[in-house]
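Engineer: I'm passing along structure-v5.cif; it holds mmCIF, C-alpha atoms.
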```cif
data_coords
loop_
_atom_site.label_atom_id
_atom_site.label_comp_id
_atom_site.auth_asym_id
_atom_site.auth_seq_id
_atom_site.Cartn_x
_atom_site.Cartn_y
_atom_site.Cartn_z
CA MET Y 1 128.66 -56.85 38.88
CA TYR Y 2 131.07 -53.92 39.33
CA ARG Y 3 133.41 -55.38 36.72
CA PHE Y 4 130.56 -55.68 34.22
CA PHE Y 5 129.57 -52.01 34.54
CA SER Y 6 133.20 -50.99 34.59
CA HIS Y 7 133.72 -52.85 31.32
CA LEU Y 8 130.66 -51.20 29.73
CA LYS Y 9 131.98 -47.79 30.76
CA PHE Y 10 135.38 -48.67 29.28
CA LEU Y 11 133.80 -49.82 26.00
CA SER Y 12 131.87 -46.57 25.67
CA LYS Y 13 135.13 -44.56 25.85
CA ALA Y 14 137.47 -46.97 24.06
CA THR Y 15 138.25 -46.98 20.37
CA ASN Y 16 139.64 -49.31 17.75
CA GLU Y 17 142.30 -48.65 15.12
CA HIS Y 18 140.14 -45.97 13.45
CA GLY Y 19 140.34 -43.66 16.48
CA VAL Y 20 144.13 -43.80 16.74
CA HIS Y 21 146.14 -40.94 15.23
CA SER Y 22 149.62 -42.13 16.19
CA PRO Y 23 151.34 -44.09 13.38
CA PHE Y 24 153.23 -46.20 15.95
CA VAL Y 25 150.09 -47.13 17.89
CA TYR Y 26 148.03 -47.62 14.71
CA ALA Y 27 150.59 -50.11 13.38
CA PHE Y 28 150.74 -51.84 16.77
CA VAL Y 29 146.94 -52.16 16.98
CA THR Y 30 146.41 -53.35 13.41
CA LYS Y 31 149.43 -55.63 13.02
CA CYS Y 32 149.67 -56.96 16.56
CA LEU Y 33 146.55 -56.62 18.69
CA TYR Y 34 144.08 -57.22 15.85
CA SER Y 35 146.15 -59.87 14.08
CA LYS Y 36 144.41 -63.17 13.46
CA THR Y 37 147.01 -65.09 15.49
CA LYS Y 38 145.39 -66.82 18.46
CA PHE Y 39 147.38 -68.71 21.06
CA ASN Y 40 144.38 -70.34 22.83
CA VAL Y 41 145.12 -68.81 26.21
CA SER Y 42 143.51 -66.03 28.25
CA LYS Y 43 143.03 -62.62 26.63
CA THR Y 44 145.91 -60.99 28.44
CA VAL Y 45 148.35 -63.84 27.81
CA ASN Y 46 147.27 -63.86 24.16
CA VAL Y 47 148.07 -60.13 23.94
CA LEU Y 48 151.39 -60.74 25.69
CA LEU Y 49 152.39 -63.50 23.26
CA LYS Y 50 151.35 -61.41 20.26
CA MET Y 51 153.49 -58.55 21.56
CA LEU Y 52 156.53 -60.78 22.10
CA ASP Y 53 156.22 -61.89 18.49
CA TYR Y 54 155.47 -58.43 17.03
CA PHE Y 55 158.34 -56.66 18.79
CA ASN Y 56 160.67 -59.67 18.39
CA ILE Y 57 161.49 -59.68 22.10
CA GLN Y 58 164.55 -61.75 23.08
CA LYS Y 59 164.64 -61.10 26.84
CA ILE Y 60 161.80 -60.66 29.29
CA HIS Y 61 161.85 -59.64 32.93
CA LEU Y 62 159.04 -61.23 34.96
CA VAL Y 63 158.71 -59.05 38.07
CA ASN Y 64 156.78 -61.76 39.92
CA GLU Y 65 158.01 -65.24 39.05
CA ASN Y 66 155.27 -67.20 37.33
CA ALA Y 67 156.15 -70.77 36.31
CA THR Y 68 152.96 -71.28 34.32
CA LEU Y 69 153.49 -68.12 32.29
CA SER Y 70 157.17 -68.94 31.75
CA LYS Y 71 156.20 -72.37 30.44
CA THR Y 72 153.55 -70.89 28.12
CA ILE Y 73 156.04 -68.37 26.73
CA ASN Y 74 158.71 -71.06 26.23
CA GLU Y 75 156.23 -73.30 24.41
CA GLN Y 76 155.62 -70.55 21.84
CA PHE Y 77 159.05 -68.88 21.75
CA ASP Y 78 161.87 -71.20 22.76
CA THR Y 79 164.54 -68.54 22.18
CA ILE Y 80 163.24 -66.02 24.72
CA GLU Y 81 165.38 -65.66 27.83
CA PHE Y 82 164.10 -64.73 31.26
CA ASP Y 83 166.44 -62.11 32.62
CA ASN Y 84 165.71 -59.97 35.69
CA SER Y 85 168.20 -57.36 34.56
CA SER Y 86 166.62 -57.00 31.12
CA ALA Y 87 164.64 -53.90 30.29
CA ASP Y 88 163.44 -54.80 26.82
CA PHE Y 89 160.14 -56.19 28.07
CA ILE Y 90 159.00 -56.04 31.70
CA TYR Y 91 155.97 -58.10 32.73
CA ILE Y 92 154.11 -57.25 35.93
CA ASN Y 93 151.18 -59.51 36.76
CA THR Y 94 149.50 -57.10 39.17
CA LEU Y 95 150.03 -53.61 40.52
CA LYS Y 96 149.16 -54.73 44.03
CA ASN Y 97 152.21 -55.08 46.27
CA VAL Y 98 154.55 -53.97 43.47
CA ASP Y 99 156.34 -50.65 43.59
CA ILE Y 100 156.79 -50.05 39.90
CA TYR Y 101 159.09 -47.10 40.51
CA SER Y 102 161.52 -49.27 42.48
CA VAL Y 103 161.42 -51.83 39.64
CA LEU Y 104 162.38 -49.04 37.23
CA LEU Y 105 165.09 -47.68 39.52
CA LYS Y 106 166.65 -51.13 39.99
CA ASN Y 107 166.62 -51.75 36.27
CA LYS Y 108 169.26 -49.37 34.94
CA ALA Y 109 168.97 -50.80 31.42
CA ILE Y 110 165.65 -49.07 30.62
CA HIS Y 111 165.84 -47.53 27.17
CA ASN Y 112 163.66 -45.87 24.54
CA GLU Y 113 162.33 -49.19 23.23
CA SER Y 114 161.50 -50.67 26.67
CA ILE Y 115 157.96 -51.93 27.17
CA ILE Y 116 156.11 -52.53 30.41
CA PHE Y 117 153.16 -54.93 30.28
CA ILE Y 118 150.88 -54.86 33.33
CA ASP Y 119 148.25 -57.55 33.77
CA CYS Y 120 145.06 -56.98 35.82
CA ILE Y 121 145.07 -53.18 35.82
CA ILE Y 122 141.40 -53.29 36.75
CA GLU Y 123 142.40 -54.33 40.26
CA ASP Y 124 144.02 -50.97 40.91
CA ARG Y 125 142.69 -48.33 38.51
CA GLU Y 126 143.92 -45.52 40.76
CA LEU Y 127 147.54 -46.63 40.52
CA TRP Y 128 147.21 -47.18 36.77
CA ASN Y 129 145.90 -43.62 36.37
CA THR Y 130 148.83 -42.33 38.43
CA LEU Y 131 151.29 -44.26 36.27
CA ILE Y 132 149.98 -42.95 32.96
CA LYS Y 133 150.37 -39.38 34.20
CA ASN Y 134 154.08 -39.94 34.77
CA GLU Y 135 156.16 -38.15 32.12
CA LYS Y 136 158.54 -41.14 31.73
CA PHE Y 137 155.82 -43.06 29.90
CA THR Y 138 154.98 -41.33 26.64
CA VAL Y 139 152.48 -43.89 25.38
CA SER Y 140 150.02 -45.81 27.51
CA ILE Y 141 147.49 -48.28 26.16
CA ASN Y 142 144.63 -49.42 28.36
CA LEU Y 143 143.07 -52.65 27.09
CA PHE Y 144 140.80 -52.97 30.18
CA TYR Y 145 142.26 -56.36 31.06
CA CYS Y 146 145.84 -55.19 30.88
CA GLY Y 147 147.89 -52.08 30.26
CA ILE Y 148 150.99 -51.34 28.21
CA LEU Y 149 153.49 -48.55 28.83
CA PHE Y 150 156.08 -47.32 26.31
CA PHE Y 151 159.05 -44.98 26.83
CA ARG Y 152 159.21 -43.63 23.25
CA ARG Y 153 160.89 -40.21 23.60
CA GLU Y 154 160.22 -39.28 19.97
CA GLN Y 155 156.48 -39.40 20.51
CA VAL Y 156 154.12 -36.91 22.08
CA LYS Y 157 152.57 -38.15 25.33
CA GLU Y 158 149.30 -39.93 24.58
CA ASP Y 159 146.98 -42.28 26.46
CA PHE Y 160 144.83 -44.73 24.54
CA LYS Y 161 141.91 -46.97 25.44
CA ILE Y 162 141.66 -49.75 22.87
CA ARG Y 163 138.99 -52.44 22.56
CA ILE Y 164 140.27 -55.96 22.04
#
```
As structure tokens, how would this structure be written, given the file I've shared?

Structural biologist:
Amino acid sequence: MYRFFSHLKFLSKATNEHGVHSPFVYAFVTKCLYSKTKFNVSKTVNVLLKMLDYFNIQKIHLVNENATLSKTINEQFDTIEFDNSSADFIYINTLKNVDIYSVLLKNKAIHNESIIFIDCIIEDRELWNTLIKNEKFTVSINLFYCGILFFRREQVKEDFKIRI
């Protein structure tokens, strides 16, 4: 029941592409999140697969090994490599029991185009809210089911709540 009311509260504050004033985020929402492509998997995995395609990701770092997810990604994109030293795209399936700052410190290859995808942010909203306040992440997108963090230095710090 809590999740239902939490989702209603999110929907009342969230926007779609018309409430986004950042050209980068607007393009991402319209061309990626709202694209007609459907991979017939859960909402968060569908968003993940769309992002891998949109950003043309070649290497992904799965913080918590997940054989099912790896298989799903390989079925759609057979050229993607799983590399724990890669910083192009970092996937974290839950914030519980993961120290995201240690993940970032260990991964020296983080760059301006790095993306962090966090599944199940609803499980730990407090930690998510702490993360988006960090100055390292200039763009955060809360999709209720999952969250996305970008390091784009050329962009003013903004936090978005987008309905999917």

Engineer: Here is a test: counting all atoms listed in the file, which residue of Y:Lys13, Y:Lys31, Y:His21, Y:Lys161 is nearest to Y:Tyr145?

Structural biologist: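 Using all atoms listed in the file, Y:Tyr145 sits closest to Y:Lys161.
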
Engineer: With all atoms listed in the file as the counted atoms, please give the residues lying no more than 12 Å from stretch 41-52 of chain Y, apart from itself and same-chain residues fewer than 3 positions off, as a PyMOL selection string.

Structural biologist: chain Y and resi 28-38+55-60+68-81+88-94+115-121+142-148+163-164

Engineer: Can you translate the PyMOL selection byres ((chain Y and resi 25) around 12) into the concrete residues it hits in this file, as a PDB file with C-alpha atoms, in the coordinates of the input?

Structural biologist:
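Result file is part_15.pdb:
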```pdb
ATOM      1  CA  ASN Y  16     139.640 -49.310  17.750  1.00  0.00           C
ATOM      2  CA  GLU Y  17     142.300 -48.650  15.120  1.00  0.00           C
ATOM      3  CA  HIS Y  18     140.140 -45.970  13.450  1.00  0.00           C
ATOM      4  CA  GLY Y  19     140.340 -43.660  16.480  1.00  0.00           C
ATOM      5  CA  VAL Y  20     144.130 -43.800  16.740  1.00  0.00           C
ATOM      6  CA  HIS Y  21     146.140 -40.940  15.230  1.00  0.00           C
ATOM      7  CA  SER Y  22     149.620 -42.130  16.190  1.00  0.00           C
ATOM      8  CA  PRO Y  23     151.340 -44.090  13.380  1.00  0.00           C
ATOM      9  CA  PHE Y  24     153.230 -46.200  15.950  1.00  0.00           C
ATOM     10  CA  TYR Y  26     148.030 -47.620  14.710  1.00  0.00           C
ATOM     11  CA  ALA Y  27     150.590 -50.110  13.380  1.00  0.00           C
ATOM     12  CA  PHE Y  28     150.740 -51.840  16.770  1.00  0.00           C
ATOM     13  CA  VAL Y  29     146.940 -52.160  16.980  1.00  0.00           C
ATOM     14  CA  THR Y  30     146.410 -53.350  13.410  1.00  0.00           C
ATOM     15  CA  LYS Y  31     149.430 -55.630  13.020  1.00  0.00           C
ATOM     16  CA  CYS Y  32     149.670 -56.960  16.560  1.00  0.00           C
ATOM     17  CA  LEU Y  33     146.550 -56.620  18.690  1.00  0.00           C
ATOM     18  CA  TYR Y  34     144.080 -57.220  15.850  1.00  0.00           C
ATOM     19  CA  THR Y 138     154.980 -41.330  26.640  1.00  0.00           C
ATOM     20  CA  VAL Y 139     152.480 -43.890  25.380  1.00  0.00           C
ATOM     21  CA  SER Y 140     150.020 -45.810  27.510  1.00  0.00           C
ATOM     22  CA  ILE Y 141     147.490 -48.280  26.160  1.00  0.00           C
ATOM     23  CA  ILE Y 148     150.990 -51.340  28.210  1.00  0.00           C
ATOM     24  CA  LEU Y 149     153.490 -48.550  28.830  1.00  0.00           C
ATOM     25  CA  PHE Y 150     156.080 -47.320  26.310  1.00  0.00           C
ATOM     26  CA  ARG Y 152     159.210 -43.630  23.250  1.00  0.00           C
ATOM     27  CA  GLN Y 155     156.480 -39.400  20.510  1.00  0.00           C
ATOM     28  CA  VAL Y 156     154.120 -36.910  22.080  1.00  0.00           C
ATOM     29  CA  LYS Y 157     152.570 -38.150  25.330  1.00  0.00           C
ATOM     30  CA  GLU Y 158     149.300 -39.930  24.580  1.00  0.00           C
ATOM     31  CA  ASP Y 159     146.980 -42.280  26.460  1.00  0.00           C
ATOM     32  CA  PHE Y 160     144.830 -44.730  24.540  1.00  0.00           C
ATOM     33  CA  LYS Y 161     141.910 -46.970  25.440  1.00  0.00           C
ATOM     34  CA  ILE Y 162     141.660 -49.750  22.870  1.00  0.00           C
TER      35      ILE Y 162
END
```

Engineer: Given the file shown, enumerate the residues that the PyMOL selection byres ((chain Y and resi 85) around 8) captures and present them as a list in words.

Structural biologist: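 Taken on the displayed file, the PyMOL selection byres ((chain Y and resi 85) around 8) yields the residues His61, Asp83, Asn84, Ser86, Ala87, Asn107 and Ala109 of chain Y.
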